[in-house]
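Novice: Structure supplied as target-v6.txt; contents: compact mmCIF, C-alpha atoms.
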```txt
# COMPACT_ATOMS: atom_id res chain seq x y z
CA MET A 1 89.19 141.82 136.44
CA ARG A 2 87.12 138.94 137.81
CA SER A 3 86.80 137.38 134.33
CA THR A 4 90.56 137.55 133.78
CA THR A 5 91.22 135.89 137.14
CA LEU A 6 88.74 133.14 136.35
CA ARG A 7 90.38 132.39 132.98
CA PHE A 8 93.78 132.27 134.73
CA PHE A 9 92.60 129.66 137.24
CA ILE A 10 91.13 127.53 134.42
CA PHE A 11 93.96 127.66 131.88
CA ALA A 12 96.92 127.66 134.24
CA PRO A 13 96.27 124.10 135.46
CA LEU A 14 95.81 122.97 131.86
CA CYS A 15 99.18 124.40 130.88
CA LEU A 16 100.81 122.63 133.81
CA ILE A 17 99.05 119.42 132.83
CA ALA A 18 100.25 119.72 129.23
CA GLY A 19 103.81 120.33 130.37
CA SER A 20 103.67 117.40 132.75
CA LEU A 21 102.35 115.04 130.05
CA THR A 22 104.96 116.23 127.54
CA ALA A 23 107.70 115.54 130.06
CA GLN A 24 106.30 112.10 130.82
CA ASN A 25 105.71 111.16 127.13
CA PRO A 26 108.39 112.66 124.88
CA PRO A 27 107.36 113.15 121.20
CA ALA A 28 109.75 110.43 120.03
CA GLN A 29 107.97 107.80 122.07
CA SER A 30 104.53 108.98 121.11
CA SER A 31 105.50 108.99 117.45
CA ALA A 32 106.77 105.44 117.67
CA GLN A 33 103.46 104.33 119.09
CA GLY A 34 101.20 106.43 116.96
CA ASN A 35 102.81 105.85 113.56
CA GLN A 36 102.65 102.08 113.71
CA ALA A 37 99.46 100.11 113.69
CA PRO A 38 99.59 97.07 116.00
CA ALA A 39 100.87 93.92 114.35
CA ALA A 40 98.02 91.64 113.34
CA ASN A 41 99.57 88.59 114.97
CA GLN A 42 99.88 90.20 118.38
CA LEU A 43 96.27 89.45 119.25
CA ALA A 44 95.61 86.65 121.70
CA GLN A 45 95.80 83.37 119.81
CA LYS A 46 94.06 80.11 120.59
CA PRO A 47 96.46 77.37 121.70
CA GLY A 48 97.63 75.45 118.66
CA ALA A 49 96.08 77.87 116.16
CA GLN A 50 97.56 77.65 112.66
CA LEU A 51 99.38 80.89 111.79
CA ILE A 52 99.77 81.74 108.11
CA ALA A 53 101.99 84.50 106.72
CA LEU A 54 101.19 86.28 103.47
CA ASP A 55 103.75 84.37 101.39
CA GLN A 56 102.45 81.09 102.83
CA ALA A 57 98.88 82.11 102.05
CA ILE A 58 99.77 82.85 98.43
CA GLN A 59 101.59 79.54 98.08
CA LEU A 60 98.65 77.66 99.58
CA ALA A 61 96.28 79.34 97.14
CA ILE A 62 98.50 78.51 94.15
CA GLU A 63 98.66 74.87 95.19
CA HIS A 64 95.11 74.29 96.44
CA ASN A 65 92.68 76.92 95.12
CA HIS A 66 90.00 74.90 93.36
CA ASN A 67 89.23 77.46 90.67
CA LEU A 68 92.90 77.63 89.75
CA LEU A 69 93.23 73.86 89.77
CA ALA A 70 90.22 73.67 87.47
CA ALA A 71 91.80 76.23 85.13
CA ARG A 72 95.03 74.20 85.02
CA THR A 73 93.15 71.23 83.61
CA THR A 74 92.66 73.26 80.41
CA ILE A 75 96.43 73.01 79.89
CA GLN A 76 96.24 69.24 80.21
CA GLU A 77 93.27 69.18 77.83
CA ASN A 78 95.27 71.11 75.23
CA GLU A 79 98.25 68.81 75.69
CA ALA A 80 95.91 65.89 75.01
CA GLU A 81 94.81 67.67 71.83
CA GLU A 82 98.47 67.83 70.80
CA ILE A 83 98.52 64.02 70.88
CA THR A 84 95.45 63.94 68.66
CA ALA A 85 96.91 66.52 66.28
CA ASN A 86 100.08 64.47 65.84
CA LEU A 87 98.28 61.24 64.92
CA ARG A 88 98.69 59.82 61.43
CA PRO A 89 95.65 58.50 59.51
CA ASP A 90 94.80 54.87 60.16
CA PRO A 91 95.03 52.42 57.25
CA VAL A 92 91.75 50.98 55.96
CA LEU A 93 91.31 47.22 55.58
CA LEU A 94 89.16 46.25 52.58
CA GLY A 95 87.58 42.95 51.64
CA ASP A 96 84.85 41.74 49.29
CA THR A 97 83.46 38.61 47.67
CA GLN A 98 81.86 38.64 44.21
CA PHE A 99 79.74 36.27 42.06
CA LEU A 100 78.12 34.45 44.93
CA PRO A 101 75.09 32.36 43.74
CA ILE A 102 72.67 33.80 46.24
CA PHE A 103 69.66 33.14 44.00
CA GLN A 104 70.87 29.67 42.96
CA PRO A 105 71.56 27.93 46.25
CA SER A 106 72.10 24.60 44.54
CA SER A 107 75.21 26.02 42.85
CA PHE A 108 76.66 27.09 46.19
CA THR A 109 79.39 24.43 46.41
CA ALA A 110 83.02 24.32 47.40
CA ASP A 111 84.01 23.82 43.78
CA TYR A 112 82.04 26.90 42.74
CA LEU A 113 83.63 29.01 45.43
CA ASP A 114 87.06 27.78 44.46
CA ASN A 115 86.74 28.23 40.71
CA THR A 116 84.06 30.84 39.99
CA ALA A 117 83.66 33.22 42.99
CA GLN A 118 86.02 36.16 43.34
CA PHE A 119 87.63 37.22 46.60
CA ASP A 120 89.40 40.54 47.14
CA LEU A 121 91.45 41.68 50.12
CA GLY A 122 93.13 45.04 50.25
CA VAL A 123 94.54 47.89 52.30
CA SER A 124 94.20 51.62 51.60
CA TYR A 125 96.01 54.54 53.22
CA LEU A 126 95.53 58.30 53.10
CA PHE A 127 98.77 60.14 52.36
CA GLU A 128 98.50 63.70 53.74
CA ARG A 129 100.10 66.39 51.65
CA GLY A 130 101.22 69.90 52.63
CA LYS A 131 102.66 68.75 55.98
CA LYS A 132 99.21 68.74 57.53
CA ARG A 133 100.26 66.69 60.56
CA GLN A 134 103.20 68.94 61.35
CA ASN A 135 101.03 72.05 61.02
CA ARG A 136 98.28 70.54 63.16
CA LEU A 137 100.81 69.76 65.87
CA GLN A 138 102.33 73.24 65.78
CA ALA A 139 98.91 74.88 65.95
CA ALA A 140 97.99 72.71 68.94
CA LYS A 141 101.28 73.50 70.71
CA ASP A 142 100.81 77.23 70.18
CA GLN A 143 97.28 77.04 71.58
CA THR A 144 98.61 75.18 74.61
CA ALA A 145 101.15 77.95 75.13
CA VAL A 146 98.36 80.55 74.99
CA THR A 147 96.37 78.59 77.54
CA ARG A 148 99.39 78.24 79.80
CA TRP A 149 99.87 82.02 79.86
CA GLN A 150 96.15 82.52 80.49
CA VAL A 151 96.32 80.22 83.49
CA GLY A 152 99.36 82.19 84.64
CA ASP A 153 97.21 85.30 84.48
CA ASN A 154 94.65 83.54 86.68
CA GLU A 155 97.44 82.98 89.18
CA ARG A 156 98.31 86.68 89.04
CA THR A 157 94.78 87.75 89.90
CA LEU A 158 94.50 85.06 92.57
CA LYS A 159 97.64 86.37 94.30
CA PHE A 160 96.09 89.84 94.36
CA SER A 161 92.83 88.50 95.79
CA VAL A 162 94.68 86.59 98.51
CA ALA A 163 96.80 89.61 99.42
CA THR A 164 93.73 91.86 99.51
CA ASP A 165 91.81 89.51 101.80
CA PHE A 166 94.91 89.07 103.94
CA ILE A 167 95.18 92.85 104.40
CA ASN A 168 91.48 93.02 105.23
CA VAL A 169 92.01 90.49 108.00
CA GLU A 170 95.01 92.46 109.29
CA LEU A 171 92.90 95.63 109.26
CA ALA A 172 90.08 93.89 111.13
CA GLU A 173 92.49 92.55 113.77
CA SER A 174 94.19 95.91 114.18
CA THR A 175 90.80 97.58 114.46
CA LEU A 176 89.71 94.97 117.02
CA GLU A 177 92.82 95.57 119.09
CA LEU A 178 92.21 99.32 118.99
CA ALA A 179 88.54 98.82 119.89
CA ASN A 180 89.49 96.68 122.89
CA GLN A 181 92.03 99.25 124.05
CA ASP A 182 89.54 102.07 123.63
CA LEU A 183 86.85 100.12 125.47
CA LYS A 184 89.17 99.34 128.35
CA SER A 185 90.35 102.95 128.58
CA PHE A 186 86.87 104.37 128.34
CA GLN A 187 85.53 101.87 130.90
CA ASN A 188 88.15 103.18 133.28
CA SER A 189 86.93 106.72 132.61
CA VAL A 190 83.34 105.60 133.25
CA ASP A 191 84.41 104.08 136.58
CA ILE A 192 86.08 107.33 137.58
CA THR A 193 83.00 109.27 136.52
CA GLU A 194 80.83 107.05 138.72
CA GLU A 195 83.11 107.74 141.66
CA ARG A 196 82.91 111.47 141.01
CA TYR A 197 79.13 111.23 140.75
CA LYS A 198 78.94 109.39 144.05
CA ALA A 199 81.15 112.08 145.57
CA GLY A 200 78.79 114.76 144.25
CA ALA A 201 81.39 116.31 141.91
CA ILE A 202 79.24 115.88 138.79
CA GLY A 203 75.57 115.46 138.02
CA LEU A 204 73.63 112.40 136.88
CA ASP A 205 73.39 113.81 133.35
CA ASP A 206 77.17 113.63 132.87
CA LEU A 207 77.26 110.07 134.17
CA LEU A 208 74.51 108.97 131.78
CA LYS A 209 76.30 110.59 128.84
CA MET A 210 79.43 108.62 129.68
CA LYS A 211 77.53 105.34 129.91
CA LEU A 212 75.75 105.99 126.63
CA GLN A 213 79.08 106.71 124.95
CA LEU A 214 80.34 103.37 126.28
CA LEU A 215 77.79 101.65 124.04
CA GLN A 216 79.63 102.90 120.95
CA PHE A 217 82.90 101.33 122.10
CA GLN A 218 81.18 98.03 122.86
CA THR A 219 79.59 98.11 119.41
CA ASP A 220 82.99 98.79 117.83
CA VAL A 221 84.39 95.65 119.45
CA THR A 222 81.50 93.51 118.21
CA GLN A 223 81.75 94.85 114.65
CA ALA A 224 85.52 94.39 114.58
CA LYS A 225 85.13 90.76 115.73
CA LEU A 226 82.60 90.13 112.98
CA ALA A 227 84.83 91.73 110.32
CA ARG A 228 87.76 89.58 111.47
CA LEU A 229 85.77 86.33 111.37
CA GLN A 230 84.30 87.10 107.94
CA GLY A 231 87.71 88.11 106.59
CA LEU A 232 89.29 84.87 107.80
CA SER A 233 86.44 82.88 106.29
CA ASP A 234 86.79 84.58 102.88
CA LEU A 235 90.56 84.11 102.90
CA ARG A 236 90.19 80.42 103.82
CA GLN A 237 88.03 79.85 100.75
CA LEU A 238 90.77 81.25 98.50
CA LEU A 239 93.50 79.18 100.14
CA GLY A 240 91.64 75.90 99.71
CA TYR A 241 88.99 75.30 102.34
CA GLU A 242 90.19 71.80 103.25
CA GLN A 243 93.83 72.86 103.63
CA VAL A 244 93.33 75.38 106.45
CA SER A 245 92.06 74.67 109.95
CA ALA A 246 88.96 76.46 111.19
CA ASP A 247 90.85 78.29 113.97
CA TYR A 248 93.72 79.56 111.82
CA ASP A 249 94.97 83.14 111.93
CA VAL A 250 97.18 85.42 109.87
CA ALA A 251 100.73 86.28 110.93
CA GLY A 252 102.01 89.56 109.56
CA SER A 253 102.98 93.11 110.45
CA PHE A 254 100.23 95.55 109.54
CA ASP A 255 102.61 98.42 108.91
CA TYR A 256 103.86 100.88 106.31
CA GLN A 257 106.03 99.44 103.52
CA PRO A 258 108.08 102.01 101.59
CA LEU A 259 108.62 101.75 97.84
CA LYS A 260 111.31 103.48 95.80
CA GLY A 261 110.82 102.30 92.20
CA GLY A 262 109.82 104.75 89.44
CA LEU A 263 106.95 104.50 86.96
CA GLU A 264 109.20 103.75 83.96
CA ASP A 265 110.85 100.85 85.77
CA MET A 266 107.45 99.47 86.75
CA GLN A 267 106.14 99.65 83.19
CA ALA A 268 109.26 98.00 81.76
CA ALA A 269 108.96 95.18 84.28
CA ALA A 270 105.25 94.76 83.48
CA LEU A 271 105.92 94.42 79.75
CA HIS A 272 108.28 91.60 80.61
CA ASN A 273 106.23 89.86 83.32
CA ARG A 274 102.52 90.26 82.62
CA PRO A 275 101.12 86.84 81.62
CA ASP A 276 98.07 88.32 79.88
CA LEU A 277 100.39 90.27 77.57
CA GLN A 278 102.44 87.13 76.98
CA ALA A 279 99.20 85.31 76.13
CA ALA A 280 98.30 88.01 73.61
CA GLN A 281 101.76 87.80 72.03
CA GLN A 282 101.53 84.03 71.88
CA GLY A 283 98.08 84.45 70.36
CA VAL A 284 99.69 86.09 67.32
CA ALA A 285 101.97 83.06 66.91
CA ALA A 286 98.96 80.76 67.30
CA ALA A 287 97.08 82.71 64.63
CA HIS A 288 100.00 82.27 62.20
CA SER A 289 100.07 78.54 62.96
CA ALA A 290 96.34 78.29 62.27
CA PHE A 291 96.85 80.14 58.99
CA ASN A 292 99.59 77.73 57.91
CA LEU A 293 97.36 74.81 58.85
CA GLN A 294 94.51 76.10 56.68
CA LYS A 295 96.91 76.48 53.76
CA ALA A 296 98.04 72.90 54.29
CA ILE A 297 94.41 71.73 54.38
CA GLY A 298 94.00 73.30 50.95
CA LYS A 299 96.42 70.71 49.58
CA ARG A 300 94.53 67.62 48.39
CA ASP A 301 95.52 64.30 49.86
CA VAL A 302 96.27 61.11 47.93
CA THR A 303 94.66 57.78 48.80
CA GLY A 304 96.69 54.70 47.89
CA GLN A 305 95.26 51.17 47.80
CA ILE A 306 96.64 47.67 47.22
CA ASN A 307 94.36 44.69 46.62
CA TYR A 308 94.89 40.94 46.45
CA THR A 309 92.38 39.14 44.20
CA HIS A 310 91.64 35.41 44.06
CA LEU A 311 89.51 34.17 41.13
CA GLY A 312 89.68 30.50 40.22
CA TYR A 313 93.24 29.70 39.57
CA LEU A 314 94.06 33.40 39.22
CA ASN A 315 95.84 35.27 42.03
CA GLU A 316 96.80 38.87 41.36
CA ILE A 317 97.73 42.16 42.97
CA SER A 318 96.02 45.43 42.03
CA LEU A 319 97.22 48.97 42.80
CA PHE A 320 94.90 51.97 42.98
CA GLY A 321 95.33 55.69 43.67
CA SER A 322 92.86 58.55 43.99
CA MET A 323 92.97 62.30 44.69
CA GLN A 324 90.41 65.06 44.61
CA LEU A 325 90.98 67.59 41.88
CA PRO A 326 91.23 71.04 43.52
CA ILE A 327 89.12 72.79 40.91
CA PHE A 328 86.48 74.47 43.05
CA ASP A 329 87.36 73.88 46.71
CA ARG A 330 90.88 74.87 47.63
CA ASN A 331 89.92 75.90 51.20
CA GLN A 332 89.93 79.54 50.13
CA GLY A 333 87.39 80.66 52.70
CA GLU A 334 89.19 79.23 55.73
CA ILE A 335 92.54 80.52 54.52
CA LYS A 336 91.07 84.00 54.18
CA ARG A 337 89.42 83.78 57.59
CA ALA A 338 92.68 82.66 59.20
CA GLY A 339 94.40 85.67 57.62
CA PHE A 340 91.89 88.00 59.26
CA ALA A 341 92.43 86.14 62.55
CA ILE A 342 96.10 87.11 62.39
CA THR A 343 95.15 90.77 62.11
CA GLN A 344 92.71 90.34 64.97
CA ALA A 345 95.39 88.76 67.17
CA GLN A 346 97.84 91.56 66.35
CA GLU A 347 95.28 94.20 67.33
CA GLN A 348 94.56 92.35 70.56
CA GLN A 349 98.27 92.27 71.32
CA LEU A 350 98.54 96.04 70.79
CA TYR A 351 95.55 96.58 73.04
CA ALA A 352 97.01 94.30 75.73
CA ASN A 353 100.29 96.19 75.53
CA GLY A 354 98.53 99.51 76.10
CA GLN A 355 96.36 98.00 78.84
CA VAL A 356 99.44 96.84 80.72
CA LEU A 357 101.00 100.32 80.60
CA THR A 358 97.70 101.88 81.64
CA ASP A 359 97.22 99.45 84.52
CA VAL A 360 100.70 100.19 85.84
CA ARG A 361 100.24 103.95 85.58
CA ASP A 362 96.85 103.84 87.31
CA ALA A 363 98.14 101.56 90.06
CA TYR A 364 101.27 103.67 90.51
CA GLU A 365 99.31 106.91 90.82
CA GLY A 366 96.94 105.20 93.26
CA TRP A 367 99.90 104.06 95.33
CA ARG A 368 101.41 107.55 95.32
CA ALA A 369 98.15 109.18 96.43
CA ASN A 370 97.76 106.71 99.30
CA ASP A 371 101.42 107.15 100.20
CA GLU A 372 100.89 110.90 100.57
CA VAL A 373 97.87 110.42 102.84
CA VAL A 374 99.72 107.90 105.02
CA GLY A 375 102.62 110.34 105.20
CA LEU A 376 100.30 113.04 106.53
CA TYR A 377 99.18 110.84 109.40
CA ARG A 378 102.73 109.75 110.16
CA SER A 379 104.04 113.32 110.07
CA GLY A 380 102.46 114.20 113.42
CA TYR A 381 98.68 114.00 113.35
CA LEU A 382 98.66 110.67 115.18
CA ASP A 383 100.90 112.10 117.90
CA GLU A 384 98.78 115.21 118.20
CA ALA A 385 95.57 113.18 118.53
CA GLN A 386 97.18 111.08 121.26
CA GLN A 387 98.53 114.12 123.13
CA SER A 388 95.19 115.90 122.87
CA LEU A 389 93.41 112.90 124.37
CA ASP A 390 96.01 112.50 127.13
CA ILE A 391 95.75 116.16 128.10
CA THR A 392 91.96 116.22 128.07
CA ASP A 393 91.70 112.89 129.88
CA TYR A 394 94.07 114.05 132.63
CA ALA A 395 92.28 117.37 132.88
CA TYR A 396 88.84 115.76 133.04
CA LYS A 397 89.86 113.31 135.75
CA HIS A 398 91.21 116.22 137.81
CA GLY A 399 88.21 118.44 137.23
CA ALA A 400 89.90 120.91 134.86
CA ALA A 401 87.93 119.94 131.71
CA SER A 402 84.27 119.39 131.00
CA LEU A 403 82.70 116.09 130.04
CA LEU A 404 81.92 117.41 126.56
CA ASP A 405 85.59 118.30 126.06
CA PHE A 406 86.62 114.81 127.09
CA LEU A 407 84.08 113.08 124.89
CA ASP A 408 85.07 115.25 121.93
CA ALA A 409 88.76 114.42 122.42
CA GLU A 410 87.89 110.73 122.75
CA ARG A 411 85.89 110.77 119.52
CA THR A 412 88.64 112.67 117.70
CA PHE A 413 91.31 110.22 118.83
CA ARG A 414 89.17 107.22 117.93
CA ALA A 415 88.27 108.65 114.51
CA THR A 416 91.92 109.51 113.79
CA GLN A 417 93.17 106.06 114.73
CA LEU A 418 90.47 104.31 112.72
CA ALA A 419 91.07 106.56 109.73
CA TYR A 420 94.80 105.88 109.90
CA ARG A 421 94.28 102.12 109.94
CA GLN A 422 91.88 102.32 107.02
CA THR A 423 94.31 104.58 105.16
CA LEU A 424 97.15 102.18 105.89
CA ALA A 425 95.04 99.29 104.58
CA SER A 426 94.25 101.30 101.44
CA TYR A 427 97.95 101.99 101.00
CA LEU A 428 98.88 98.31 101.35
CA GLN A 429 96.11 97.32 98.95
CA ALA A 430 97.32 99.95 96.48
CA LEU A 431 100.77 98.39 96.79
CA GLU A 432 99.28 94.98 96.02
CA GLN A 433 97.40 96.50 93.09
CA LEU A 434 100.73 97.76 91.77
CA ARG A 435 102.25 94.31 92.18
CA GLU A 436 99.36 92.82 90.24
CA ALA A 437 99.72 95.43 87.50
CA VAL A 438 103.46 94.77 87.17
CA GLY A 439 102.90 91.02 87.27
CA THR A 440 105.41 90.20 90.01
CA ARG A 441 105.60 90.55 93.78
CA SER A 442 109.21 91.71 93.53
CA LEU A 443 108.81 95.29 92.42
CA PRO A 444 111.77 97.14 90.88
```
For the structure just supplied, provide its representation as structure tokens.

Specialist:
Amino acid sequence: MRSTTLRFFIFAPLCLIAGSLTAQNPPAQSSAQGNQAPAANQLAQKPGAQLIALDQAIQLAIEHNHNLLAARTTIQENEAEEITANLRPDPVLLGDTQFLPIFQPSSFTADYLDNTAQFDLGVSYLFERGKKRQNRLQAAKDQTAVTRWQVGDNERTLKFSVATDFINVELAESTLELANQDLKSFQNSVDITEERYKAGAIGLDDLLKMKLQLLQFQTDVTQAKLARLQGLSDLRQLLGYEQVSADYDVAGSFDYQPLKGGLEDMQAAALHNRPDLQAAQQGVAAAHSAFNLQKAIGKRDVTGQINYTHLGYLNEISLFGSMQLPIFDRNQGEIKRAGFAITQAQEQQLYANGQVLTDVRDAYEGWRANDEVVGLYRSGYLDEAQQSLDITDYAYKHGAASLLDFLDAERTFRATQLAYRQTLASYLQALEQLREAVGTRSLP
């Protein structure tokens, strides 16, 4: 009978406390607070700090990232090679003098030069056969197109890197805001515990446990600050170090973003948008151009020459022509090699096609798995963790719960909130992975 009465006096106040807290904080309000991580740009900003949204960050990286700018020069290099490929052969100027009396200097007179020595002046030109120049130009243009798609693929991966670092900064700032809130709340609990200790309601052991637990919250704040600073530094490097001020910050809502598109739509869009697949397809065209060029090289060129000859009172014009006879060397080896290169390019295209579909499927399944986990948190676990902490905190401050119960509820709430933010960051990164796999930020 005594045990039953004791349990009644312990649990009855807790029930009243729970009812009072439920009345003060309806589930709808708690859900609205628990299911949304704080916006990253709601942290205290320095006056005049440069705020950069995700779309702005991506645009800055595309315009100023030094690695990407270096990669773009390869396009300009290939365009310069197109100029070289389209050049015609230069004519050759010829000249000679014959029958000079080098060993009879006494005969070296103006009359001898005018009547006995022979002078020739001519021009020769190489006439290319097989449309070599046109095939060289086409091969160079196709290689430029391949390079242009490859640089586009560099842009695709850069966008993903920027978005990933941006989300990491948002996660760090959200975690920092949570750590500051937790520290402030727990400091208040420590102050109350000190008052209770001074009043003789609790022992020194409980007070020391509270103060030791405070160290963890202080450490969380320090680690979150470090993660934020390092994340901003890494992101600044991608955006172009000189283009962003040292005290800049990100401006975005670190929150859940729903997605409705299906896997088939994503794969169809990827086959149309992925620049690495376009590069592989263009590589087949470039291989055919190289094959045609090697066939043209197998055609032997003709060299034409015209000479003017002056000998005494004789002035005459001579015409010459020469061409290699394609008896042994008809460029057979290079033509055969270029044929194999076509097969190689076709196989690479097939592989790239399969890789695109695989990337999209993997990214889509990763997004779905993260979406399910985020949904679990948003379905009520965040609210329950908050309500559990509120009940235990109220009970502890009014002497109806032990210190161990309070610390356990505090750790559970903190772990749940941190896990949700990390899960949300994983979800957003999975969404960015899907965008990278599809090759566009506008998903179907």

Novice: Figure out the distance between atom CA of Leu424 of chain A and atom CA of Ala270 of chain A, please, to one decimal in Å.

Specialist: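 Computing it gives 25.0 Å between the two atoms.
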
Novice: At what distance in Å, to one decimal, does atom CA of Gln138 of chain A lie from atom CA of Phe340 of chain A?

Specialist: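 Going from atom CA of Phe340 of chain A over to atom CA of Gln138 of chain A covers 19.2 Å.
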
Novice: For Leu215 of chain A, which residue out of A:Thr157, A:Asp247, A:Phe186, A:Val284 is the nearest one, using only C-alpha atoms?

Specialist: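 Nearest to Leu215 of chain A: A:Phe186.
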
Novice: When you count only C-alpha atoms, which of these residues is closest to Gln56 of chain A: A:Gln187, A:Gln294, A:Gln243, A:Thr116?

Specialist: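 The answer is A:Gln243, which sits nearest to Gln56 of chain A.
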
Novice: Give me, please, the distance in Å between atom CA of Ile297 of chain A and atom CA of Gly321 of chain A, quoted to one decimal.

Specialist: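 If I compute the distance from atom CA of Ile297 of chain A to atom CA of Gly321 of chain A, I get 19.3 Å.
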
Novice: I'd like to know which of A:Ile306, A:Leu60, A:Val373, A:Val250 is closest to Leu238 of chain A, using only C-alpha atoms.

Specialist: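 Smallest separation from Leu238 of chain A among the options: A:Leu60.
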
Novice: Around (85.3, 82.7, 106.2) in the file's own coordinates, what residues are found within 12 Å if you use only C-alpha atoms, given back as a list in words?

Specialist: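 These residues have at least one counted atom within 12 Å: Asp165, Phe166, Val169, Leu226, Ala227, Arg228, Leu229, Gln230, Gly231, Leu232, Ser233, Asp234, Leu235, Arg236, Gln237, Leu238, Leu239, Gly240, Tyr241, Val244, Ser245, Ala246, Asp247, Tyr248 and Asp249 of chain A.
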
Novice: What residues have an atom no more than 12 Å from (93.0, 82.5, 50.6) in the file's own frame, counting only C-alpha atoms, and can you write them as a list in words?

Specialist: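 Every polymer residue passing the test: Phe291, Asn292, Gln294, Lys295, Ala296, Ile297, Gly298, Asp329, Arg330, Asn331, Gln332, Gly333, Glu334, Ile335, Lys336, Arg337, Ala338, Gly339 and Phe340 of chain A.
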
Novice: Determine the nearest neighbour of Asn65 of chain A from the options A:Leu171, A:Val162, A:Leu204, A:Leu293, counting all atoms listed in the file.

Specialist: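 Answer, going by the shortest atom-to-atom distance: A:Val162.
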
Novice: Let me make sure I understand: among A:Gln181, A:Gln150, A:Val190, A:Gln278, which one has the smallest atom-to-atom distance to Phe406 of chain A if we use only C-alpha atoms?

Specialist: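 Using only C-alpha atoms, Phe406 of chain A sits closest to A:Val190.
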
Novice: Would you pick out the contacts of Ile167 of chain A at 12 Å or less, using only C-alpha atoms, so that residues sharing its chain but fewer than 6 positions from it are not included, and give the list as a count of residues only?

Specialist: 35

Novice: Determine the nearest neighbour of Lys225 of chain A from the options A:Ala172, A:Ala279, A:Ile58, A:Leu212, counting only C-alpha atoms.

Specialist: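 That would be A:Ala172, the residue with the smallest distance to Lys225 of chain A.
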